[in-house]
Amino acid sequence: MTRALRVAIVGSGPSGMYAADALASQDDVPVSVDVLDALPVPFGLVRYGVAPDHLSIRSVRDTLDKVLDKPGVRFIGNVEVGRDVQVAELHDYFDAVIFTYGASRDRRLGIEGEDLDGSVAATDFVAWYCGHPDADRATFERLLPSATSAVVVGVGNVAVDVSRVLAKTVDELGHTDMPQHVLDTLARSQITDIHILGRRGPAQATFTTKELRELGELADADIIVDPNEVVLDAASEALVASDKAVARNVDVIRGWAGRGPTGKPRRIHLRFLARPVALSGDERVREVTVEATELDGSGGVRGTGRMSTIPADLVVRSVGYRGTALPGVPFDAQSNVIPHHEGRVVRDGTVIPGEYVAGWIKRGPTGIIGTNKKDAAASVASLLADAGTLPQAPHASVEAFDALLDGRGIHVVDTPGWRSIDAAERRLGAERERDRTTIHDRDHLLAAATE
Ligand SMILES: Cc1cc2nc3c(=O)[nH]c(=O)nc-3n(C[C@H](O)[C@H](O)[C@H](O)COP(=O)(O)OP(=O)(O)OC[C@H]3O[C@@H](n4cnc5c(N)ncnc54)[C@H](O)[C@@H]3O)c2cc1C
């Protein structure tokens with residue numbers, strides 16, 4: 001090929017940015033990379049998932065941002081693939097496409113009452129407190145000031161994030177980049193009790209110890225653990241013996257068990273061996289029916305039939321994320337990922353030339369941010385190995401693709417546009433002595449991009 005290989009990356013979360021970095025950091029194949037995102041701003045869940053009070057993790061975006069300075073890499077924001085431009089069209093403008101569009105939909109509990117008002121997905125709550133432009137602001141501004149008891153279903157890190165945000169004082173969150181309306185709403189929250197429910201035991205919980213420990217260090221919230229629920233069967237004991245991370249978690253939880261409240265105005269009840277079986281209420285959820293479970297000796301649980309209820313006017317379902325299909329792209333509806341062989345997209349067992357996948361939509365929603373780096377690099381290695389044999393796109397130039405988007409009247413946010421938004425967020429933050437304040441409104445983001 002006499003020109004640079006044109007590559008489209010669909011999604012600018014960590015996996016998309018790491019893929020762009022891997023492409024731009026090699027010399028064997030000259031490349032020109034467009035990183036497309038449906039949102040006007042880059043970095044996916046690093047911006048709209050990672051908890052705003054975890055400043056050091058959120059600072060990963062500074063590292064990701066540097067990729068946009070690399071020669072040949074452009075950010076093309078506010079362009080939704082599947083809506084503004086179709087996958088088949090991308091093949092006219094790019095020699096290769098890498099799908100890195102994540103897996104950010106919620107999983108369902110599949111129990112009665114799940115859709116009652118006041119029962120929300122963690123994905124939606126997280127999107128709201130991170131200032132996602134599509135977040136349902138009105139719902140949370142209505143629910144939080146009128147709720148007193150919240151149930152968070154799930155014992156992963158996202159459940160811990162959600163519980164911590166609900167339990168923290170606004171003073172503890174004031175330094176973050178949360179939009180001001182989020183801080184104002186949290187300040188009006190009436191919640192005194194937060195019940196975190198795990199259907200299995202403490203040894204099977206998937207949170208990391210650092211995140212877990214924070215729950216015991218909050219200014220205005222006590223942590224309460226029932227010693228009767230800190231039960232370890234032989235399989236759990238074996239896990240504790242073989243896995244240091246599990247042992248640390250169990251240690252922290254045992255330290256809390258039986259400690260009792262110290263009189264702080266909020267309480268986090270960390271529950272194990274308790275699974276929700278129904279939500280009930282009137283026009284809004286009022287109660288969660290919980291069945292006590294017992295460990296079955298092989299890492300699973302079975303129901304005991306012993307029921308109890310927890311009053312709850314807010315239920316946050318945090319039982320995992322899942323990927324969705326993109327029109328024109330193969331999708332495994334069982335595991336909610338794009339099927340692939342070494343990062344090459346596969347349809348009915350056959351590799352589709354020029355299509356690759358990385359990140360959560362390749363592996364499912366597992367691992368930490370850094371996991372996506374190795375994963376993206378592996379997919380890029382496959383792409384580079386194929387470079388000489390890829391079908392050449394007929395309109396493979398930046399000018400041709402820009403003309404396509406322009407002709408559709410799409411307000412593209414490019415790298416300078418994103419930098420302008422970035423500067424506007426820093427200015428907004430400085431008004432309240434914060435590093436930055438997230439601009440949540442899409443029109444305001446687009447306006448800031450052209451300032
Ligand atoms: C609530 C939460 C908290 C987390 N906290 C941590 C943490 O503290 N530490 C840690 O290491 N990991 C954390 N993670 C995990 C981490 O965020 C993921 O590993 C990582 O974001 C996955 O990267 P990705 O690029 O595959 O997907 P994403 O980050 O989801 O990026 C996908 C991107 O694709 C875009 N997109 C989607 N559809 C389209 C389309 N049709 N067209 C164009 N663009 C599209 C999206 O807008 C998004 O920008 C957290 C995850 C969640 C959900």
# chains A, B, ... in the order shown; residues from 1 in each chain; ligands from 1
call {"tool": "residues_near_ligand", "arguments": {"ligand": "ligand 1", "cutoff": "7 Å", "atoms": "only C-alpha atoms and all ligand atoms", "output": "MDAnalysis selection string"}}
result
chainID A and resid 10:16 36:39 42:46 49:51 54 57 79:82 100:104 123 126 158 321 326 358:361 365:372
call {"tool": "residues_around", "arguments": {"residues": "stretch 130-147 of chain A", "least_positions_apart": "4", "cutoff": "6 Å", "atoms": "only C-alpha atoms", "output": "NGL selection string"}}
result
:A and (48 or 178-179 or 185 or 188-191 or 313 or 440-442)
call {"tool": "write_last_selection", "arguments": {"atoms": "N, CA, C and O atoms", "output": "short mmCIF file (atom, residue, chain, number, x, y, z; two decimals), in the first residue's frame"}}
result
data_model
loop_
_atom_site.label_atom_id
_atom_site.label_comp_id
_atom_site.auth_asym_id
_atom_site.auth_seq_id
_atom_site.Cartn_x
_atom_site.Cartn_y
_atom_site.Cartn_z
N TYR A 48 -17.28 8.20 32.63
CA TYR A 48 -18.68 7.98 33.01
C TYR A 48 -18.93 6.72 33.82
O TYR A 48 -20.04 6.21 33.85
N MET A 178 -17.93 15.98 40.04
CA MET A 178 -19.37 15.77 39.86
C MET A 178 -20.05 17.09 39.49
O MET A 178 -19.72 18.13 40.06
N PRO A 179 -21.01 17.04 38.56
CA PRO A 179 -21.73 18.27 38.24
C PRO A 179 -22.38 18.85 39.51
O PRO A 179 -22.75 18.11 40.42
N THR A 185 -28.19 17.64 44.75
CA THR A 185 -29.21 16.61 45.00
C THR A 185 -28.74 15.68 46.12
O THR A 185 -29.53 15.32 47.01
N ARG A 188 -29.40 16.92 49.43
CA ARG A 188 -30.81 16.87 49.90
C ARG A 188 -31.26 15.45 50.19
O ARG A 188 -32.41 15.21 50.55
N SER A 189 -30.34 14.48 50.01
CA SER A 189 -30.72 13.08 50.24
C SER A 189 -31.11 12.86 51.71
O SER A 189 -30.46 13.38 52.61
N GLN A 190 -32.18 12.09 51.91
CA GLN A 190 -32.64 11.79 53.27
C GLN A 190 -32.24 10.37 53.68
O GLN A 190 -32.70 9.86 54.69
N ILE A 191 -31.41 9.74 52.88
CA ILE A 191 -31.12 8.32 53.12
C ILE A 191 -30.31 8.14 54.41
O ILE A 191 -29.28 8.79 54.60
N ASP A 313 -37.04 2.52 49.73
CA ASP A 313 -37.70 3.37 48.73
C ASP A 313 -36.75 3.72 47.60
O ASP A 313 -37.08 4.51 46.72
N HIS A 440 -22.47 18.42 31.92
CA HIS A 440 -23.30 17.24 31.69
C HIS A 440 -24.23 17.38 30.49
O HIS A 440 -24.69 16.38 29.95
N ASP A 441 -24.50 18.61 30.10
CA ASP A 441 -25.53 18.82 29.09
C ASP A 441 -24.90 18.75 27.68
O ASP A 441 -23.88 19.39 27.42
N ARG A 442 -25.52 17.96 26.82
CA ARG A 442 -24.92 17.75 25.49
C ARG A 442 -24.79 19.05 24.71
O ARG A 442 -23.76 19.31 24.09
#
call {"tool": "atom_distance", "arguments": {"atom1": "atom CA of A:Trp128", "atom2": "atom CA of A:Thr437"}}
result
13.8 Å
call {"tool": "residues_around", "arguments": {"residues": "stretch 115-122 of chain A", "least_positions_apart": "4", "cutoff": "6 Å", "atoms": "only C-alpha atoms", "output": "ChimeraX atom specification"}}
result
/A:126,284-285,314-318
call {"tool": "write_last_selection", "arguments": {"atoms": "C-alpha atoms", "output": "JSON list (two decimals), in the first residue's frame"}}
result
[["chain", "number", "residue", "atom", "x", "y", "z"],
["A", 126, "VAL", "CA", -23.54, 5.92, 37.93],
["A", 284, "ARG", "CA", -43.10, 3.25, 44.18],
["A", 285, "VAL", "CA", -40.96, 0.48, 45.62],
["A", 314, "LEU", "CA", -34.65, 3.18, 46.49],
["A", 315, "VAL", "CA", -33.28, -0.05, 45.01],
["A", 316, "VAL", "CA", -30.08, 0.06, 42.96],
["A", 317, "ARG", "CA", -29.52, -3.11, 40.93],
["A", 318, "SER", "CA", -25.79, -3.68, 40.52]]
call {"tool": "atom_distance", "arguments": {"atom1": "atom CA of A:Leu270", "atom2": "atom CA of A:Ser56"}}
result
25.9 Å
call {"tool": "select_by_dssp", "arguments": {"residues": "stretch 172-413 of chain A", "states": "strand (DSSP E or B)", "output": "number ranges by chain"}}
result
A: 193-197, 221-225, 257, 266-271, 274-281, 285-295, 301-311, 314-317, 321-322, 332, 337, 340-341, 344-347, 350-357, 413
call {"tool": "residues_around", "arguments": {"residues": "A:Lys168", "least_positions_apart": "5", "cutoff": "8 Å", "atoms": "only C-alpha atoms", "output": "PyMOL selection string"}}
result
chain A and resi 173+218-221
call {"tool": "write_last_selection", "arguments": {"atoms": "N, CA, C and O atoms", "output": "compact mmCIF listing (two decimals), in the first residue's frame"}}
result
# COMPACT_ATOMS: atom_id res chain seq x y z
N LEU A 173 -17.46 14.78 48.98
CA LEU A 173 -17.53 14.69 47.52
C LEU A 173 -17.25 16.02 46.82
O LEU A 173 -17.12 16.08 45.60
N LEU A 218 -15.93 6.16 56.48
CA LEU A 218 -16.71 7.32 56.04
C LEU A 218 -17.08 8.21 57.22
O LEU A 218 -17.32 7.73 58.33
N ALA A 219 -17.14 9.51 56.95
CA ALA A 219 -17.34 10.49 58.03
C ALA A 219 -18.67 10.28 58.75
O ALA A 219 -18.73 10.34 59.98
N ASP A 220 -19.73 10.03 57.97
CA ASP A 220 -21.06 10.04 58.57
C ASP A 220 -21.77 8.70 58.50
O ASP A 220 -23.00 8.65 58.65
N ALA A 221 -21.05 7.61 58.21
CA ALA A 221 -21.74 6.32 58.05
C ALA A 221 -21.01 5.20 58.80
O ALA A 221 -19.79 5.05 58.66
call {"tool": "residues_around", "arguments": {"residues": "stretch 253-264 of chain A", "least_positions_apart": "2", "cutoff": "7 Å", "atoms": "only C-alpha atoms", "output": "PyMOL selection string"}}
result
chain A and resi 220-227+230+249-251+266
call {"tool": "write_last_selection", "arguments": {"atoms": "N, CA, C and O atoms", "output": "mmCIF file, in the first residue's frame"}}
result
data_model
loop_
_atom_site.group_PDB
_atom_site.id
_atom_site.type_symbol
_atom_site.label_atom_id
_atom_site.label_comp_id
_atom_site.auth_asym_id
_atom_site.auth_seq_id
_atom_site.Cartn_x
_atom_site.Cartn_y
_atom_site.Cartn_z
ATOM 1 N N ASP A 220 -19.729 10.028 57.972
ATOM 2 C CA ASP A 220 -21.064 10.041 58.571
ATOM 3 C C ASP A 220 -21.773 8.703 58.499
ATOM 4 O O ASP A 220 -22.995 8.648 58.651
ATOM 5 N N ALA A 221 -21.049 7.605 58.207
ATOM 6 C CA ALA A 221 -21.745 6.321 58.046
ATOM 7 C C ALA A 221 -21.010 5.204 58.799
ATOM 8 O O ALA A 221 -19.794 5.046 58.662
ATOM 9 N N ASP A 222 -21.777 4.501 59.618
ATOM 10 C CA ASP A 222 -21.250 3.297 60.276
ATOM 11 C C ASP A 222 -21.416 2.113 59.345
ATOM 12 O O ASP A 222 -22.350 2.078 58.532
ATOM 13 N N ILE A 223 -20.541 1.129 59.488
ATOM 14 C CA ILE A 223 -20.733 -0.109 58.720
ATOM 15 C C ILE A 223 -21.159 -1.210 59.681
ATOM 16 O O ILE A 223 -20.586 -1.362 60.757
ATOM 17 N N ILE A 224 -22.185 -1.938 59.280
ATOM 18 C CA ILE A 224 -22.754 -2.964 60.156
ATOM 19 C C ILE A 224 -22.757 -4.302 59.430
ATOM 20 O O ILE A 224 -23.248 -4.408 58.298
ATOM 21 N N VAL A 225 -22.170 -5.310 60.059
ATOM 22 C CA VAL A 225 -22.129 -6.654 59.484
ATOM 23 C C VAL A 225 -22.638 -7.629 60.544
ATOM 24 O O VAL A 225 -22.184 -7.591 61.694
ATOM 25 N N ASP A 226 -23.565 -8.489 60.150
ATOM 26 C CA ASP A 226 -24.099 -9.495 61.079
ATOM 27 C C ASP A 226 -23.125 -10.685 61.126
ATOM 28 O O ASP A 226 -22.886 -11.323 60.098
ATOM 29 N N PRO A 227 -22.551 -10.991 62.308
ATOM 30 C CA PRO A 227 -21.572 -12.098 62.379
ATOM 31 C C PRO A 227 -22.146 -13.421 61.848
ATOM 32 O O PRO A 227 -21.401 -14.244 61.309
ATOM 33 N N VAL A 230 -21.338 -13.956 58.245
ATOM 34 C CA VAL A 230 -19.935 -14.122 57.826
ATOM 35 C C VAL A 230 -19.590 -15.612 57.968
ATOM 36 O O VAL A 230 -18.796 -16.022 58.799
ATOM 37 N N ASN A 249 -10.191 -9.589 52.042
ATOM 38 C CA ASN A 249 -11.599 -9.164 52.131
ATOM 39 C C ASN A 249 -12.259 -9.742 53.378
ATOM 40 O O ASN A 249 -12.926 -9.038 54.132
ATOM 41 N N VAL A 250 -12.071 -11.044 53.563
ATOM 42 C CA VAL A 250 -12.728 -11.726 54.686
ATOM 43 C C VAL A 250 -12.215 -11.149 56.013
ATOM 44 O O VAL A 250 -12.990 -10.933 56.951
ATOM 45 N N ASP A 251 -10.947 -10.833 56.033
ATOM 46 C CA ASP A 251 -10.353 -10.243 57.229
ATOM 47 C C ASP A 251 -11.027 -8.911 57.591
ATOM 48 O O ASP A 251 -11.387 -8.674 58.743
ATOM 49 N N ARG A 266 -25.729 7.844 59.335
ATOM 50 C CA ARG A 266 -26.047 6.870 58.276
ATOM 51 C C ARG A 266 -25.443 5.526 58.639
ATOM 52 O O ARG A 266 -24.426 5.450 59.337
#
call {"tool": "closest_residue", "arguments": {"among": "A:Ser379, A:Ser32, A:Gln86, A:Thr293", "to": "A:Leu404", "atoms": "only C-alpha atoms"}}
result
A:Gln86
call {"tool": "select_by_dssp", "arguments": {"residues": "stretch 68-186 of chain A", "states": "helix (DSSP H, G or I)", "output": "number ranges by chain"}}
result
A: 87-93, 122-130, 137-146, 157-167, 170-173, 180-186
call {"tool": "residues_around", "arguments": {"residues": "A:Asp386", "least_positions_apart": "2", "cutoff": "10 Å", "atoms": "only C-alpha atoms", "output": "mmCIF file with N, CA and C atoms, in the first residue's frame"}}
result
data_model
loop_
_atom_site.group_PDB
_atom_site.id
_atom_site.type_symbol
_atom_site.label_atom_id
_atom_site.label_comp_id
_atom_site.auth_asym_id
_atom_site.auth_seq_id
_atom_site.Cartn_x
_atom_site.Cartn_y
_atom_site.Cartn_z
ATOM 1 N N ALA A 96 -9.591 -0.811 7.858
ATOM 2 C CA ALA A 96 -9.860 -1.703 8.996
ATOM 3 C C ALA A 96 -10.691 -0.962 10.037
ATOM 4 N N ARG A 344 -9.769 -10.959 15.724
ATOM 5 C CA ARG A 344 -10.389 -10.783 14.400
ATOM 6 C C ARG A 344 -11.857 -11.196 14.520
ATOM 7 N N PRO A 353 -12.762 -10.003 6.930
ATOM 8 C CA PRO A 353 -11.544 -9.227 6.655
ATOM 9 C C PRO A 353 -11.727 -7.765 7.086
ATOM 10 N N GLY A 354 -10.753 -7.248 7.829
ATOM 11 C CA GLY A 354 -10.771 -5.821 8.182
ATOM 12 C C GLY A 354 -11.596 -5.478 9.404
ATOM 13 N N VAL A 380 -4.591 -5.387 17.985
ATOM 14 C CA VAL A 380 -3.852 -4.562 17.019
ATOM 15 C C VAL A 380 -2.741 -5.386 16.360
ATOM 16 N N ALA A 381 -2.135 -6.272 17.136
ATOM 17 C CA ALA A 381 -1.084 -7.132 16.553
ATOM 18 C C ALA A 381 -1.679 -7.982 15.424
ATOM 19 N N SER A 382 -2.892 -8.494 15.606
ATOM 20 C CA SER A 382 -3.545 -9.267 14.540
ATOM 21 C C SER A 382 -3.787 -8.383 13.317
ATOM 22 N N LEU A 383 -4.275 -7.166 13.592
ATOM 23 C CA LEU A 383 -4.561 -6.230 12.479
ATOM 24 C C LEU A 383 -3.278 -5.936 11.685
ATOM 25 N N LEU A 384 -2.202 -5.648 12.415
ATOM 26 C CA LEU A 384 -0.957 -5.296 11.719
ATOM 27 C C LEU A 384 -0.417 -6.491 10.930
ATOM 28 N N GLY A 388 -1.054 -6.272 5.040
ATOM 29 C CA GLY A 388 -0.743 -6.412 3.616
ATOM 30 C C GLY A 388 -1.850 -7.063 2.806
ATOM 31 N N THR A 389 -2.780 -7.722 3.474
ATOM 32 C CA THR A 389 -3.801 -8.481 2.741
ATOM 33 C C THR A 389 -5.201 -7.888 2.851
ATOM 34 N N LEU A 390 -5.321 -6.768 3.568
ATOM 35 C CA LEU A 390 -6.667 -6.210 3.777
ATOM 36 C C LEU A 390 -7.225 -5.612 2.494
#
call {"tool": "closest_residue", "arguments": {"among": "A:Arg267, A:Thr415, A:Asp34, A:Ser298", "to": "A:Glu217", "atoms": "only C-alpha atoms"}}
result
A:Arg267
call {"tool": "residues_around", "arguments": {"residues": "A:Glu291", "least_positions_apart": "5", "cutoff": "9 Å", "atoms": "only C-alpha atoms", "output": "PyMOL selection string"}}
result
chain A and resi 199+273-277+303-309
call {"tool": "write_last_selection", "arguments": {"atoms": "N, CA and C atoms", "output": "PDB file, in the first residue's frame"}}
result
ATOM      1  N   ARG A 199     -25.729 -12.428  47.497  1.00  0.00           N
ATOM      2  CA  ARG A 199     -26.428 -13.712  47.674  1.00  0.00           C
ATOM      3  C   ARG A 199     -25.485 -14.802  48.148  1.00  0.00           C
ATOM      4  N   LEU A 273     -25.297 -13.848  52.062  1.00  0.00           N
ATOM      5  CA  LEU A 273     -26.238 -14.974  52.081  1.00  0.00           C
ATOM      6  C   LEU A 273     -27.676 -14.458  52.109  1.00  0.00           C
ATOM      7  N   ALA A 274     -27.920 -13.450  51.298  1.00  0.00           N
ATOM      8  CA  ALA A 274     -29.240 -12.813  51.256  1.00  0.00           C
ATOM      9  C   ALA A 274     -29.535 -12.434  49.811  1.00  0.00           C
ATOM     10  N   ARG A 275     -30.586 -13.036  49.237  1.00  0.00           N
ATOM     11  CA  ARG A 275     -30.891 -12.666  47.855  1.00  0.00           C
ATOM     12  C   ARG A 275     -32.296 -12.085  47.738  1.00  0.00           C
ATOM     13  N   PRO A 276     -32.426 -11.010  46.959  1.00  0.00           N
ATOM     14  CA  PRO A 276     -33.745 -10.418  46.807  1.00  0.00           C
ATOM     15  C   PRO A 276     -34.612 -11.330  45.944  1.00  0.00           C
ATOM     16  N   VAL A 277     -35.851 -11.544  46.344  1.00  0.00           N
ATOM     17  CA  VAL A 277     -36.742 -12.379  45.528  1.00  0.00           C
ATOM     18  C   VAL A 277     -37.919 -11.583  44.976  1.00  0.00           C
ATOM     19  N   GLY A 303     -31.383 -21.570  48.141  1.00  0.00           N
ATOM     20  CA  GLY A 303     -32.332 -20.854  48.986  1.00  0.00           C
ATOM     21  C   GLY A 303     -32.701 -21.697  50.197  1.00  0.00           C
ATOM     22  N   THR A 304     -33.018 -21.020  51.318  1.00  0.00           N
ATOM     23  CA  THR A 304     -33.444 -21.760  52.518  1.00  0.00           C
ATOM     24  C   THR A 304     -34.946 -21.651  52.711  1.00  0.00           C
ATOM     25  N   GLY A 305     -35.598 -20.779  51.944  1.00  0.00           N
ATOM     26  CA  GLY A 305     -37.032 -20.568  52.135  1.00  0.00           C
ATOM     27  C   GLY A 305     -37.322 -19.593  53.281  1.00  0.00           C
ATOM     28  N   ARG A 306     -36.307 -19.177  54.008  1.00  0.00           N
ATOM     29  CA  ARG A 306     -36.525 -18.219  55.119  1.00  0.00           C
ATOM     30  C   ARG A 306     -36.549 -16.807  54.556  1.00  0.00           C
ATOM     31  N   MET A 307     -37.711 -16.170  54.677  1.00  0.00           N
ATOM     32  CA  MET A 307     -37.895 -14.844  54.066  1.00  0.00           C
ATOM     33  C   MET A 307     -37.884 -13.750  55.133  1.00  0.00           C
ATOM     34  N   SER A 308     -37.421 -12.582  54.722  1.00  0.00           N
ATOM     35  CA  SER A 308     -37.539 -11.398  55.580  1.00  0.00           C
ATOM     36  C   SER A 308     -37.725 -10.197  54.647  1.00  0.00           C
ATOM     37  N   THR A 309     -38.018  -9.054  55.192  1.00  0.00           N
ATOM     38  CA  THR A 309     -38.188  -7.872  54.334  1.00  0.00           C
ATOM     39  C   THR A 309     -37.295  -6.731  54.820  1.00  0.00           C
TER      40      THR A 309
END
call {"tool": "closest_residue", "arguments": {"among": "A:His175, A:Arg302, A:Arg271, A:His91", "to": "A:Arg6", "atoms": "only C-alpha atoms"}}
result
A:His91
